[in-house]
Structures are given as C-alpha cells and as structure tokens.
Amino acid sequence: MTATAAGTAAPPPGTGFRVYRPALPEVCPRDPARMALAADADGRCEIFTWNAATGTARQVTDSPDGTVHCALDADARVWWFTEDRGGQGLWYFQDFEGGPRHPGLTGLRPGLPCGLALSDAGTVALGLGDGRSMTVHLGTPGGPARPVRTVDGPALLTGISPSGGLLALSGAAGSDRAVTLVTCSGAVLDQLSGRRGRLWALGFAPTPATTELLLVQEDNGGYHLASWRPGAGLRPHGWCRFDTEITARWYPEARRVLIRHDRHGRSALTTADLDRRTLTPVPTPPGTLLDAVPHPGDDVHYLWTDTATPPRTGSTAGTRLPALPALPAPAPGRHRDLWTPGPDGPVHTLLGEPEPTRGARPPLVFLIHGGPADHDRDAYDPQVHSLIASGFAVARVNYRGSTGYGPAWRAAYGEGVGLTQVADLVAVRADLLRRGLAREDAIGLWGTSWGGYLTLLALGTRPDLWQAGVAVKPVADCAAAHRTGTPALRALDERLFGGTPEAVPGRYARSSPVHYAAEVRAPLLVIAATRDAKCPPGQVRSYLAALHRAGVAHESRWLDTGHDGYTGTHHVAALQHAMGFLGRHLRRTPRPTEPPVPQRTGPPGAPAGPAPPGM
C-alpha cells in the first residue's frame, strides 16, 4: 500500500502516478491496532486496512473510478461508499480480515453520501440525498433500512448517540445556523440555532454514561465550543474561544476535546478539558495539520506538512501508522509570506519562487484556491511543486471570503461576489510588482472550481493585467449554475448574493464571467467535466459559446468525470495540459528589470516574520 500527493509533477516514463487523500486512518474503537484508510492503488484512491501490530495492509475495494469514503466500527467492520461518476452510490461493509461484501442496509436506492454514523448498540444510520433532500435510514448492519426522517436541502447526518437513540442533523432547517436533534422514531427532540452566526455539530461524546453533543458556534467575531445535553439544552463554552476557525474531536475518555485551530495559513492543536475549563497546547511542528485524532492513552495521531515537506503521519505516543512513501523533500524553491494592505485588513499571500538564477524574474502564476470557504495553507501542494520545479513563481492569495482569518474576513464582500476577490488579486499583483517580485508581462491565473470562477472573472473584468489563464471546472454563469447546481451550492449562492437569480438578477449578472466573456484578451484554457454537479457543464458550454461569438482565442478540454475525482489519470491530463499551456504563453522574452528592492514581509506596521497575534 502506498500513497503520495495527487498531482505531483508529471512522472517520468515508466513510473506510475499516485493519488493521496489528506486524512488519517479510521481506528477501531475496541482494537486501536486495526485501521482503515483511503490510499493509492495504481493511480486511484481505494480503501485499505492496516494492522499496526503486524505492519500489514490489505486492499479492500477495487473500483474503476476509485473509492474515498470509509469508516471502521467497533466490531472491526470496514465500511465504504461505492459511487458512480455522478457521485451516487451505496454503503457496503466487510470484516476486517476479508470475506463477503454486504450492503450497509438493504432496500435502498443509490444516492449522494450525506453521512454515516455507527452506535455502540449496533445501530447504523445512513444519510442519502437525491439532489433535493436528504433521508436518514436506520437499521442493523446488513439488515433492512427504515427511513427515519427526510429533510429538504443540503442537510448532513453528523452523529448518533452511543446508545443509538438520538441523531444529530446539521443544516436540516435549510440553514448553516441550525442543528436538529431527532429521535430514532423521527421526532424532533430539539432545534438548536446560532442566532448570530453559524452553528455546526461535531459528534456525540463516545462515553455511554451520558448523551452529550459537541458543537462549534460562531459569535461576536470569533468561534467557541458549545455542548448540548437532553434537558439542559445548548451550553456555550465562552472560555474556549478562538479568533479564527476551529474543529474538534472528543477524546475517548473524560470530557476532553482535541481542538485543531486554523489561523493565517497554519494550524495548531490544543486539548480542552470541559470540566476544569483549561486549555493545554499539544506540541507539533510548525506548519499545517491536515488531520488530527485523539485516541486512548492520550495518544494523538496527526497528519503534518508544510509548503516544502510532503505530508507525514505522526503519533504523540509513537503508535505505528501506515507510512507515506517518500517524495523528494524538501520541495524545490524558496517560500515566504507577504501581506498587502487592503480595505478590510491585510491580504495574506504565500509566495513560492524557484531558486534564483541570472537574468529576469521568472513568470508568475496566481494559483487561486476554491471554496470560497477555504484557504491556502503552509502545506505541500503538488501544483505548487510542479510549477516551481518548472521555473514558475507561485502566489497563493487568501483573499477576502477565505477561512482562517476570522468571521469578518470571511463575510467581507463589499465590492460584490467575486469582484471583491478579484480586487484582492489585483492588489496583490500590484504589490508584487512594486516589490520587484514579478514581471508585468508574465503573470498568469490558474484556479479550480471557485478558483476557476475567479480566474474567468479576473480575465474578463481586468483583461489588461494577465497574460494567460487556466480555469478548471469553473462557475462561468452564476445564474445558470444556481438553476442546475446542488442544493448546498444554491443555498451558498442565495446567502452570498442575498437571494435567488429571480430576486436579484442584477447581482448575479454583475458577478458572472459570461457577462464579461467578450472582454477577455489573455490566452485562456478551460477544462470542464461532463458529469459535474457542482459546476454544471451546461453553463460552461454557454461561456465557451460566448467566447466563440466574440472571437476570443481559447482552448477547451472535457473530462468524463464529476467535480471531484479519485483517479490519477484525469489529474495528470489536466496538470500536463495546464502546465504546457502556461509555459507556451508566459515564457516570452522578458523586458529588462531592475534588481528587486528588499521589502518587509510582515503585515503592514509589523516587522518581518510571522503575523502578530490579532491580525
């Protein structure tokens, strides 16, 4: 069993492309040596078992399009979700050592995965969606399914109590501010609401002696833990407060929680004791923790990386975890943080550059993250690696709307949806030129999903600033994407735009790349997917037709996949096409440039180095 980062630089002839999912193994609650995880299988993600006691692995699944969702229950049964290219499928399970494959519950039609929860009492709860609603089904493993409750919109099953008597559903009221507690008969026991911000559930405490649900609540410009108990209701833990996003998991014993805190592109771990009201840091190397899970005996498994180092597994107790194959480390290039003044605060950029050589500065690519509720991290990124190894500089901008910088930053859309983010890209471009870190005649854009959307929007609204663009699986027409996209993305659109396209048509039009297609001047490559439910193919075809009518030079490529894929073949195809395209259009004879003037790299008003607290 091997796993490496998806999308590394194109492999040399005769070698295989490997894929990697940044998540730790699932661990059997009764036998911590038994684990299950998604890892590489000849260029696809598939499910494997791993026995830490013997150091042996076994491949469980073998799907043409890969498998990524898995779980491991207390009886050491391995669960996985088998899906088609459209994302529809069913849950199955198998004994840890092998044997026949069983359906998770019988009598179900394929659907979209909306959660799996397993109780100590042997009850399994499955959430399956149909694109319009989500239904929770209950039963015993391999037995008939009993529908419990159907809710409209993008709801998610987020937990089952150890006794199997209570379910937690996030978003069941059509809002990211709601969590609903439902009994196994389908009755609503309680409805929790985050009145001033988002509220989401993180699972029930594993101890059967009490029923307690862990939550995170956004309120008053920050995030704090909260908990819920039957009869006691929602209890905020205001003493356990952070200025940027957190997630958390219960420890197996006592009322303790492991918190992962994402801040300014990096992360840290803290243990919170809910009875003693104390916070204790968990030592980990500087960088990013992609995943962290507490286990018995105060053991914490974590997945660590930084920009120069491929992901590595670690254990605070020295537990033997499945090893990730070594990649060349450190990754090529030099890496630093830059901060650009902006109307809502400094904009953070992670800048990677090839080792300096004589002559002009290398071409620069803005690698734009998706989301928008996401952020670029001090973490190994195979696209960054590939670009720098090929002689490009790379700017990763955590524009307004990104996570990791607080609720106000995430909600800052003053110039309009998309247009606010483009304004930040433009400001960072000007700052890099002012610092002598880029050439104005060799700057490109490359983004996927929401990042692809921003690429198209920037090319159309500021056509004079860019020399090339690559948009992969993008939103190209906001109104059309809303009409044909998923319920979760429709809800996101309505929150960002303040209504539906019928209610606020001008806002959707003003933020739609198709509205500016005729203004595009830079060479453009669009890579789209025929089965994409999140960024549907129809609205991409409409954008390409608009480019054609306007006589705009462009290239396009279609992949026979959904929005998310688990096979290396499609990643390699997109990566190679994009790299070749950017190389052709950004590697031109540069104009002479002056030597760069040294500049500070901290936030405005601060010395060089890491961002100070509170920024």
# chains A, B, ... in the order shown; residues from 1 in each chain; ligands from 1
call {"tool": "residues_around", "arguments": {"residues": "segment 585-587 of chain A", "least_positions_apart": "5", "cutoff": "10 Å", "atoms": "only C-alpha atoms", "output": "number ranges by chain"}}
result
A: 362-365, 391-392, 441-444, 466-469, 522-524, 580
call {"tool": "write_last_selection", "arguments": {"atoms": "all heavy atoms", "output": "short mmCIF file (atom, residue, chain, number, x, y, z; two decimals), in the first residue's frame"}}
result
data_model
loop_
_atom_site.label_atom_id
_atom_site.label_comp_id
_atom_site.auth_asym_id
_atom_site.auth_seq_id
_atom_site.Cartn_x
_atom_site.Cartn_y
_atom_site.Cartn_z
N PRO A 362 11.30 35.06 -12.99
CA PRO A 362 10.53 34.02 -13.68
C PRO A 362 9.08 34.46 -13.86
O PRO A 362 8.61 35.38 -13.17
CB PRO A 362 10.62 32.83 -12.73
CG PRO A 362 10.79 33.44 -11.38
CD PRO A 362 11.62 34.68 -11.61
N PRO A 363 8.35 33.83 -14.76
CA PRO A 363 6.92 34.11 -14.86
C PRO A 363 6.22 33.72 -13.56
O PRO A 363 6.67 32.83 -12.84
CB PRO A 363 6.46 33.25 -16.03
CG PRO A 363 7.51 32.21 -16.19
CD PRO A 363 8.79 32.83 -15.74
N LEU A 364 5.12 34.41 -13.26
CA LEU A 364 4.38 34.22 -12.01
C LEU A 364 2.99 33.69 -12.30
O LEU A 364 2.31 34.17 -13.21
CB LEU A 364 4.28 35.55 -11.26
CG LEU A 364 3.38 35.57 -10.02
CD1 LEU A 364 4.05 34.82 -8.87
CD2 LEU A 364 3.07 37.01 -9.61
N VAL A 365 2.56 32.70 -11.53
CA VAL A 365 1.21 32.15 -11.64
C VAL A 365 0.48 32.36 -10.32
O VAL A 365 0.98 31.96 -9.26
CB VAL A 365 1.24 30.65 -11.98
CG1 VAL A 365 -0.18 30.08 -11.99
CG2 VAL A 365 1.90 30.42 -13.34
N GLY A 391 10.02 26.21 -13.14
CA GLY A 391 10.56 27.55 -13.32
C GLY A 391 9.59 28.68 -13.15
O GLY A 391 9.90 29.82 -13.52
N PHE A 392 8.40 28.42 -12.59
CA PHE A 392 7.43 29.48 -12.33
C PHE A 392 7.49 29.90 -10.86
O PHE A 392 7.74 29.08 -9.97
CB PHE A 392 6.00 29.01 -12.61
CG PHE A 392 5.72 28.67 -14.04
CD1 PHE A 392 5.86 27.37 -14.50
CD2 PHE A 392 5.28 29.64 -14.93
CE1 PHE A 392 5.59 27.04 -15.82
CE2 PHE A 392 5.01 29.33 -16.25
CZ PHE A 392 5.16 28.02 -16.70
N ASP A 441 4.69 41.53 -17.62
CA ASP A 441 4.42 40.91 -18.91
C ASP A 441 4.37 39.39 -18.83
O ASP A 441 4.32 38.72 -19.86
CB ASP A 441 5.47 41.33 -19.94
CG ASP A 441 6.87 40.86 -19.58
OD1 ASP A 441 7.10 40.54 -18.38
OD2 ASP A 441 7.73 40.80 -20.47
N ALA A 442 4.39 38.81 -17.63
CA ALA A 442 4.41 37.35 -17.50
C ALA A 442 3.68 36.93 -16.22
O ALA A 442 4.28 36.34 -15.30
CB ALA A 442 5.85 36.83 -17.51
N ILE A 443 2.39 37.22 -16.14
CA ILE A 443 1.59 36.88 -14.97
C ILE A 443 0.34 36.12 -15.43
O ILE A 443 -0.43 36.61 -16.27
CB ILE A 443 1.18 38.13 -14.17
CG1 ILE A 443 2.42 38.89 -13.71
CG2 ILE A 443 0.32 37.73 -12.96
CD1 ILE A 443 2.11 40.18 -12.97
N GLY A 444 0.15 34.93 -14.89
CA GLY A 444 -1.00 34.11 -15.26
C GLY A 444 -1.86 33.76 -14.06
O GLY A 444 -1.49 34.00 -12.90
N TRP A 466 -3.34 40.38 -17.22
CA TRP A 466 -2.93 38.98 -17.21
C TRP A 466 -2.49 38.54 -18.60
O TRP A 466 -3.02 38.99 -19.60
CB TRP A 466 -4.07 38.09 -16.71
CG TRP A 466 -4.89 38.75 -15.65
CD1 TRP A 466 -6.12 39.32 -15.78
CD2 TRP A 466 -4.53 38.92 -14.27
NE1 TRP A 466 -6.55 39.84 -14.59
CE2 TRP A 466 -5.61 39.61 -13.63
CE3 TRP A 466 -3.43 38.56 -13.51
CZ2 TRP A 466 -5.58 39.94 -12.28
CZ3 TRP A 466 -3.41 38.89 -12.16
CH2 TRP A 466 -4.47 39.57 -11.56
N GLN A 467 -1.56 37.59 -18.62
CA GLN A 467 -1.05 37.10 -19.89
C GLN A 467 -1.52 35.68 -20.22
O GLN A 467 -1.30 35.19 -21.32
CB GLN A 467 0.48 37.13 -19.90
CG GLN A 467 1.05 38.52 -20.12
CD GLN A 467 0.76 39.47 -18.97
OE1 GLN A 467 1.14 39.20 -17.83
NE2 GLN A 467 0.10 40.57 -19.24
N ALA A 468 -2.18 35.01 -19.29
CA ALA A 468 -2.71 33.67 -19.54
C ALA A 468 -3.62 33.29 -18.38
O ALA A 468 -3.49 33.80 -17.26
CB ALA A 468 -1.59 32.64 -19.70
N GLY A 469 -4.55 32.37 -18.65
CA GLY A 469 -5.45 31.88 -17.61
C GLY A 469 -5.84 30.44 -17.84
O GLY A 469 -6.05 30.02 -18.98
N ALA A 522 -6.43 37.70 -22.71
CA ALA A 522 -5.34 36.76 -22.49
C ALA A 522 -5.70 35.38 -23.02
O ALA A 522 -6.87 34.99 -23.01
CB ALA A 522 -5.01 36.67 -21.00
N PRO A 523 -4.72 34.62 -23.49
CA PRO A 523 -4.99 33.23 -23.87
C PRO A 523 -5.62 32.47 -22.70
O PRO A 523 -5.19 32.60 -21.55
CB PRO A 523 -3.60 32.68 -24.19
CG PRO A 523 -2.79 33.89 -24.54
CD PRO A 523 -3.31 34.99 -23.68
N LEU A 524 -6.65 31.67 -22.99
CA LEU A 524 -7.44 31.02 -21.94
C LEU A 524 -7.61 29.55 -22.25
O LEU A 524 -7.95 29.17 -23.38
CB LEU A 524 -8.81 31.69 -21.84
CG LEU A 524 -9.87 31.01 -20.98
CD1 LEU A 524 -9.41 30.90 -19.53
CD2 LEU A 524 -11.20 31.76 -21.07
N GLY A 580 1.64 22.88 -19.86
CA GLY A 580 2.10 23.18 -21.21
C GLY A 580 1.53 24.50 -21.72
O GLY A 580 2.23 25.29 -22.36
#
call {"tool": "residues_around", "arguments": {"residues": "Trp239 of chain A", "least_positions_apart": "4", "cutoff": "9 Å", "atoms": "only C-alpha atoms", "output": "PDB file with N, CA and C atoms, in the first residue's frame"}}
result
ATOM      1  N   HIS A 224     -16.331  29.553  19.358  1.00  0.00           N
ATOM      2  CA  HIS A 224     -16.125  28.873  20.630  1.00  0.00           C
ATOM      3  C   HIS A 224     -16.829  27.521  20.625  1.00  0.00           C
ATOM      4  N   LEU A 225     -16.353  26.641  21.500  1.00  0.00           N
ATOM      5  CA  LEU A 225     -17.005  25.352  21.662  1.00  0.00           C
ATOM      6  C   LEU A 225     -18.337  25.530  22.377  1.00  0.00           C
ATOM      7  N   ARG A 277     -12.128  23.494  32.637  1.00  0.00           N
ATOM      8  CA  ARG A 277     -12.077  24.741  31.884  1.00  0.00           C
ATOM      9  C   ARG A 277     -10.628  25.173  31.631  1.00  0.00           C
ATOM     10  N   THR A 278      -9.824  24.228  31.150  1.00  0.00           N
ATOM     11  CA  THR A 278      -8.423  24.501  30.874  1.00  0.00           C
ATOM     12  C   THR A 278      -8.109  24.183  29.411  1.00  0.00           C
TER      13      THR A 278
END
call {"tool": "select_by_dssp", "arguments": {"residues": "segment 408-546 of chain A", "states": "alpha helix (DSSP H)", "output": "VMD selection string"}}
result
chain A and resid 408 to 410 419 to 434 450 to 461 478 to 484 487 to 497 505 to 510 537 to 546
call {"tool": "closest_residue", "arguments": {"among": "A:Ala38, A:His301, A:Glu97, A:Glu440", "to": "Arg58 of chain A", "atoms": "only C-alpha atoms"}}
result
A:Glu97
call {"tool": "residues_around", "arguments": {"residues": "segment 422-427 of chain A", "least_positions_apart": "5", "cutoff": "7 Å", "atoms": "only C-alpha atoms", "output": "compact mmCIF listing (two decimals) with all heavy atoms, in the first residue's frame"}}
result
# COMPACT_ATOMS: atom_id res chain seq x y z
N TYR A 399 -7.64 35.60 -0.25
CA TYR A 399 -8.49 36.75 -0.50
C TYR A 399 -9.64 36.82 0.51
O TYR A 399 -9.93 35.85 1.24
CB TYR A 399 -9.04 36.66 -1.92
CG TYR A 399 -9.61 35.30 -2.28
CD1 TYR A 399 -10.82 34.86 -1.76
CD2 TYR A 399 -8.93 34.45 -3.15
CE1 TYR A 399 -11.34 33.62 -2.08
CE2 TYR A 399 -9.45 33.20 -3.48
CZ TYR A 399 -10.66 32.79 -2.95
OH TYR A 399 -11.18 31.56 -3.26
N LEU A 454 -13.02 32.61 -10.30
CA LEU A 454 -12.29 33.86 -10.13
C LEU A 454 -11.31 34.10 -11.27
O LEU A 454 -11.08 35.25 -11.67
CB LEU A 454 -11.56 33.87 -8.78
CG LEU A 454 -12.44 33.87 -7.54
CD1 LEU A 454 -11.59 33.89 -6.27
CD2 LEU A 454 -13.41 35.04 -7.54
N ALA A 458 -11.61 37.46 -13.33
CA ALA A 458 -10.46 38.39 -13.39
C ALA A 458 -10.03 38.64 -14.83
O ALA A 458 -9.70 39.78 -15.20
CB ALA A 458 -9.30 37.81 -12.58
call {"tool": "closest_residue", "arguments": {"among": "A:Gly238, A:Leu214, A:Thr316, A:Gly233", "to": "Asp190 of chain A", "atoms": "only C-alpha atoms"}}
result
A:Gly233
call {"tool": "closest_residue", "arguments": {"among": "A:Val27, A:Leu181, A:Ala331, A:Ala379", "to": "Thr288 of chain A", "atoms": "only C-alpha atoms"}}
result
A:Ala379
call {"tool": "closest_residue", "arguments": {"among": "A:Thr280, A:Gln383, A:Ser390, A:Ser315", "to": "Gly297 of chain A", "atoms": "only C-alpha atoms"}}
result
A:Ser315
call {"tool": "closest_residue", "arguments": {"among": "A:Gly186, A:Glu218, A:Thr569, A:Asp378", "to": "Leu290 of chain A", "atoms": "only C-alpha atoms"}}
result
A:Asp378
call {"tool": "select_by_dssp", "arguments": {"residues": "segment 51-183 of chain A", "states": "strand (DSSP E or B)", "output": "PyMOL selection string"}}
result
chain A and resi 51+56-59+70-72+77-83+89-95+102-103+106+111-118+124-129+133-139+144+146-152+156-160+166-170+178-183
call {"tool": "write_last_selection", "arguments": {"atoms": "C-alpha atoms", "output": "mmCIF file, in the first residue's frame"}}
result
data_model
loop_
_atom_site.group_PDB
_atom_site.id
_atom_site.type_symbol
_atom_site.label_atom_id
_atom_site.label_comp_id
_atom_site.auth_asym_id
_atom_site.auth_seq_id
_atom_site.Cartn_x
_atom_site.Cartn_y
_atom_site.Cartn_z
ATOM 1 C CA ASN A 51 -2.809 -3.621 11.113
ATOM 2 C CA THR A 56 0.443 -5.441 7.156
ATOM 3 C CA ALA A 57 -2.056 -3.942 4.726
ATOM 4 C CA ARG A 58 -4.891 -5.321 2.603
ATOM 5 C CA GLN A 59 -6.739 -3.671 -0.270
ATOM 6 C CA CYS A 70 -14.611 4.848 4.626
ATOM 7 C CA ALA A 71 -15.193 4.057 8.304
ATOM 8 C CA LEU A 72 -14.331 1.334 10.821
ATOM 9 C CA ARG A 77 -16.045 -3.963 10.092
ATOM 10 C CA VAL A 78 -14.721 -1.801 7.259
ATOM 11 C CA TRP A 79 -17.333 0.465 5.660
ATOM 12 C CA TRP A 80 -17.037 2.246 2.326
ATOM 13 C CA PHE A 81 -19.199 4.167 -0.118
ATOM 14 C CA THR A 82 -19.216 2.843 -3.680
ATOM 15 C CA GLU A 83 -20.313 5.544 -6.113
ATOM 16 C CA GLY A 89 -23.952 5.110 -4.645
ATOM 17 C CA LEU A 90 -24.484 2.975 -1.539
ATOM 18 C CA TRP A 91 -22.636 1.969 1.632
ATOM 19 C CA TYR A 92 -21.130 -1.517 1.991
ATOM 20 C CA PHE A 93 -19.092 -3.280 4.675
ATOM 21 C CA GLN A 94 -16.755 -6.235 5.100
ATOM 22 C CA ASP A 95 -14.978 -7.889 8.020
ATOM 23 C CA HIS A 102 -22.504 -6.816 2.490
ATOM 24 C CA PRO A 103 -24.809 -3.858 1.826
ATOM 25 C CA THR A 106 -30.849 -3.339 2.287
ATOM 26 C CA GLY A 111 -27.973 8.341 -3.542
ATOM 27 C CA LEU A 112 -25.468 11.004 -2.592
ATOM 28 C CA PRO A 113 -23.486 10.351 0.618
ATOM 29 C CA CYS A 114 -24.800 12.571 3.424
ATOM 30 C CA GLY A 115 -23.290 10.901 6.466
ATOM 31 C CA LEU A 116 -22.658 7.553 8.168
ATOM 32 C CA ALA A 117 -22.977 7.056 11.941
ATOM 33 C CA LEU A 118 -22.456 3.871 13.970
ATOM 34 C CA VAL A 124 -26.186 2.139 11.812
ATOM 35 C CA ALA A 125 -27.588 5.407 10.457
ATOM 36 C CA LEU A 126 -27.096 6.366 6.812
ATOM 37 C CA GLY A 127 -27.840 9.720 5.201
ATOM 38 C CA LEU A 128 -28.592 9.571 1.464
ATOM 39 C CA GLY A 129 -29.504 12.537 -0.725
ATOM 40 C CA SER A 133 -33.450 16.402 0.005
ATOM 41 C CA MET A 134 -31.728 14.045 2.434
ATOM 42 C CA THR A 135 -33.233 10.978 4.127
ATOM 43 C CA VAL A 136 -31.805 9.291 7.228
ATOM 44 C CA HIS A 137 -32.217 5.500 7.342
ATOM 45 C CA LEU A 138 -31.704 3.280 10.398
ATOM 46 C CA GLY A 139 -31.091 -0.428 10.852
ATOM 47 C CA PRO A 144 -33.395 -3.743 6.129
ATOM 48 C CA ARG A 146 -36.024 2.001 7.947
ATOM 49 C CA PRO A 147 -36.478 5.639 6.844
ATOM 50 C CA VAL A 148 -36.485 7.908 9.872
ATOM 51 C CA ARG A 149 -36.690 11.439 8.578
ATOM 52 C CA THR A 150 -36.462 13.331 5.287
ATOM 53 C CA VAL A 151 -35.394 16.964 5.215
ATOM 54 C CA ASP A 152 -35.180 19.389 2.333
ATOM 55 C CA LEU A 156 -25.972 16.252 6.747
ATOM 56 C CA LEU A 157 -26.108 13.450 9.318
ATOM 57 C CA THR A 158 -23.396 14.411 11.813
ATOM 58 C CA GLY A 159 -23.738 11.857 14.612
ATOM 59 C CA ILE A 160 -25.573 9.140 16.510
ATOM 60 C CA LEU A 166 -30.561 10.056 19.109
ATOM 61 C CA LEU A 167 -29.378 11.562 15.826
ATOM 62 C CA ALA A 168 -27.806 14.955 15.061
ATOM 63 C CA LEU A 169 -28.508 16.646 11.719
ATOM 64 C CA SER A 170 -26.701 19.811 10.596
ATOM 65 C CA ALA A 178 -29.232 25.112 12.635
ATOM 66 C CA VAL A 179 -28.656 21.709 14.237
ATOM 67 C CA THR A 180 -31.593 19.368 14.787
ATOM 68 C CA LEU A 181 -31.761 16.546 17.345
ATOM 69 C CA VAL A 182 -34.006 13.694 16.161
ATOM 70 C CA THR A 183 -35.092 10.529 17.930
#
call {"tool": "residues_around", "arguments": {"residues": "segment 508-517 of chain A", "least_positions_apart": "2", "cutoff": "7 Å", "atoms": "only C-alpha atoms", "output": "list of chain:residue names"}}
result
A:Val417, A:Gly418, A:Leu419, A:Leu456, A:Leu457, A:Gly460, A:Thr461, A:Ala476, A:Asp477, A:Cys478, A:Ala479, A:Pro501, A:Val504, A:Pro505, A:Gly506, A:Glu519, A:Val520, A:Tyr543, A:Ala546, A:Leu547
call {"tool": "write_last_selection", "arguments": {"atoms": "N, CA, C and O atoms", "output": "compact mmCIF listing (two decimals), in the first residue's frame"}}
result
# COMPACT_ATOMS: atom_id res chain seq x y z
N VAL A 417 -19.92 39.84 -4.99
CA VAL A 417 -19.44 38.46 -5.03
C VAL A 417 -18.46 38.29 -6.18
O VAL A 417 -18.72 38.71 -7.31
N GLY A 418 -17.32 37.71 -5.90
CA GLY A 418 -16.30 37.51 -6.92
C GLY A 418 -15.50 38.75 -7.20
O GLY A 418 -14.26 38.70 -7.28
N LEU A 419 -16.15 39.88 -7.34
CA LEU A 419 -15.46 41.13 -7.63
C LEU A 419 -14.57 41.56 -6.46
O LEU A 419 -13.50 42.15 -6.66
N LEU A 456 -11.78 33.23 -14.45
CA LEU A 456 -12.57 33.76 -15.56
C LEU A 456 -13.02 35.19 -15.30
O LEU A 456 -12.99 36.05 -16.19
N LEU A 457 -13.44 35.46 -14.06
CA LEU A 457 -13.92 36.80 -13.74
C LEU A 457 -12.79 37.83 -13.81
O LEU A 457 -12.97 38.95 -14.31
N GLY A 460 -11.93 38.64 -17.42
CA GLY A 460 -12.92 39.46 -18.09
C GLY A 460 -13.05 40.87 -17.57
O GLY A 460 -13.30 41.80 -18.34
N THR A 461 -12.88 41.05 -16.25
CA THR A 461 -13.07 42.38 -15.67
C THR A 461 -11.80 43.21 -15.66
O THR A 461 -11.86 44.44 -15.63
N ALA A 476 -19.10 29.61 -14.53
CA ALA A 476 -18.94 30.60 -15.59
C ALA A 476 -20.17 31.48 -15.74
O ALA A 476 -20.08 32.58 -16.29
N ASP A 477 -21.31 31.01 -15.27
CA ASP A 477 -22.57 31.76 -15.33
C ASP A 477 -23.27 31.52 -14.00
O ASP A 477 -23.80 30.44 -13.75
N CYS A 478 -23.27 32.51 -13.12
CA CYS A 478 -23.76 32.31 -11.75
C CYS A 478 -25.24 31.94 -11.72
O CYS A 478 -25.64 31.06 -10.94
N ALA A 479 -26.06 32.57 -12.53
CA ALA A 479 -27.49 32.27 -12.52
C ALA A 479 -27.76 30.87 -13.04
O ALA A 479 -28.55 30.11 -12.46
N PRO A 501 -31.54 34.17 -8.30
CA PRO A 501 -31.36 34.98 -9.52
C PRO A 501 -32.62 35.72 -9.93
O PRO A 501 -32.55 36.81 -10.51
N VAL A 504 -32.71 38.85 -7.36
CA VAL A 504 -31.67 39.88 -7.52
C VAL A 504 -30.88 39.59 -8.80
O VAL A 504 -29.68 39.31 -8.76
N PRO A 505 -31.52 39.65 -9.96
CA PRO A 505 -30.84 39.27 -11.21
C PRO A 505 -29.61 40.12 -11.51
O PRO A 505 -28.63 39.62 -12.07
N GLY A 506 -29.64 41.41 -11.14
CA GLY A 506 -28.51 42.28 -11.44
C GLY A 506 -27.24 41.86 -10.72
O GLY A 506 -26.14 41.97 -11.28
N GLU A 519 -14.69 40.50 -23.28
CA GLU A 519 -13.59 41.39 -22.89
C GLU A 519 -12.28 40.65 -22.67
O GLU A 519 -11.23 41.28 -22.50
N VAL A 520 -12.33 39.31 -22.62
CA VAL A 520 -11.11 38.53 -22.35
C VAL A 520 -10.10 38.75 -23.45
O VAL A 520 -10.43 38.69 -24.64
N TYR A 543 -20.58 29.63 -21.71
CA TYR A 543 -19.45 30.56 -21.65
C TYR A 543 -18.53 30.37 -22.85
O TYR A 543 -18.10 31.35 -23.49
N ALA A 546 -19.99 31.94 -25.80
CA ALA A 546 -19.85 33.40 -25.77
C ALA A 546 -18.44 33.81 -26.20
O ALA A 546 -18.27 34.81 -26.91
N LEU A 547 -17.43 33.06 -25.78
CA LEU A 547 -16.07 33.34 -26.25
C LEU A 547 -15.99 33.20 -27.76
O LEU A 547 -15.39 34.03 -28.46
call {"tool": "residues_around", "arguments": {"residues": "Arg260 of chain A", "least_positions_apart": "6", "cutoff": "6 Å", "atoms": "only C-alpha atoms", "output": "tab-separated table (two decimals) with N, CA, C and O atoms, in the first residue's frame"}}
result
chain	number	residue	atom	x	y	z
A	246	ILE	N	-12.12	26.75	13.98
A	246	ILE	CA	-11.65	25.57	14.70
A	246	ILE	C	-12.52	24.38	14.31
A	246	ILE	O	-13.63	24.52	13.82
A	247	THR	N	-11.97	23.20	14.54
A	247	THR	CA	-12.76	21.98	14.55
A	247	THR	C	-12.27	21.17	15.74
A	247	THR	O	-11.22	21.47	16.31
A	268	ALA	N	-2.62	24.63	14.71
A	268	ALA	CA	-2.08	24.18	15.99
A	268	ALA	C	-3.13	23.33	16.69
A	268	ALA	O	-4.32	23.41	16.39
A	269	LEU	N	-2.67	22.51	17.65
A	269	LEU	CA	-3.56	21.63	18.41
A	269	LEU	C	-3.60	22.06	19.87
A	269	LEU	O	-2.59	22.46	20.45
